[in-house]
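Structure, as structure tokens:
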Amino acid sequence: MEFSNIWLFVIAAATLLIIPGPAVLYIMARSIDQGKKAGIVSVLGVSLGGSVHVLAGAIGVSAILMTSATAFNIVKYLGAAYLIYLGCRTLFSTSDRTTSEIPKAPRKRY
């Protein structure tokens with residue numbers, strides 16, 4: 001790989017990180033709901049996740065997954081198992097907050 005190609009890759013990756021998308025909505029929602037500290041932690045988490053994704057693409061993990069059906073299936077089933085775990089944990093967790101504790105905003109009359 002030529003050095004100029006690496007710079008094009010870095011510029012493309014940085015551009016994708018700057019463009020607003022679902023991550024921006026997530027960060028805004030966390031910041032509004034839980035404050036500045038939660039917003040900063042969300043920014044760091046989204047940035048770290050994007051950087052890991054770009055690094056994995058740069059070292060060729062996607063090429064390995066495309067050529068190896070076994071590796072792809074392992075990643076696919078591990079991801080599915082993780083999502084099932086998160087869903088079950090959410091369904092069976094005892095929540096401290098109930099809907100009656102959430103304050104309702106007063107209605108505006110026009």
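Labels used: A, B, ... for chains in the order of the structure tokens, numbers from 1 for residues in each chain, and numbers from 1 for ligands as shown.
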
Please report, as a PyMOL selection string, each residue of chain A to which DSSP assigns helix (DSSP H, G or I) when run on this structure's backbone.
chain A and resi 3-18+22-34+36-59+61-67+69-92+99-101

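The list of residues with at least one atom within 8 Å of range 38-50 of chain A, based on only C-alpha atoms and without residues fewer than 5 positions apart in the same chain, reads Leu17, Ala23, Tyr26, Ile27, Met28, Arg30 and Ser31 of chain A.
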
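As for CA of Tyr77 in chain A and CA of Gly60 in chain A, they are spaced 20.3 Å apart.
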
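Here CA of His53 in chain A stands at a distance of 9.9 Å from CA of Ala13 in chain A.
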
How far is it from CA of Ile59 in chain A to CA of Val10 in chain A, in Å with one decimal?
13.0 Å

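Considering only C-alpha atoms, the residue among A:Lys76, A:Ala81, A:Leu91, A:Val54 positioned nearest to Ile11 in chain A is A:Val54.
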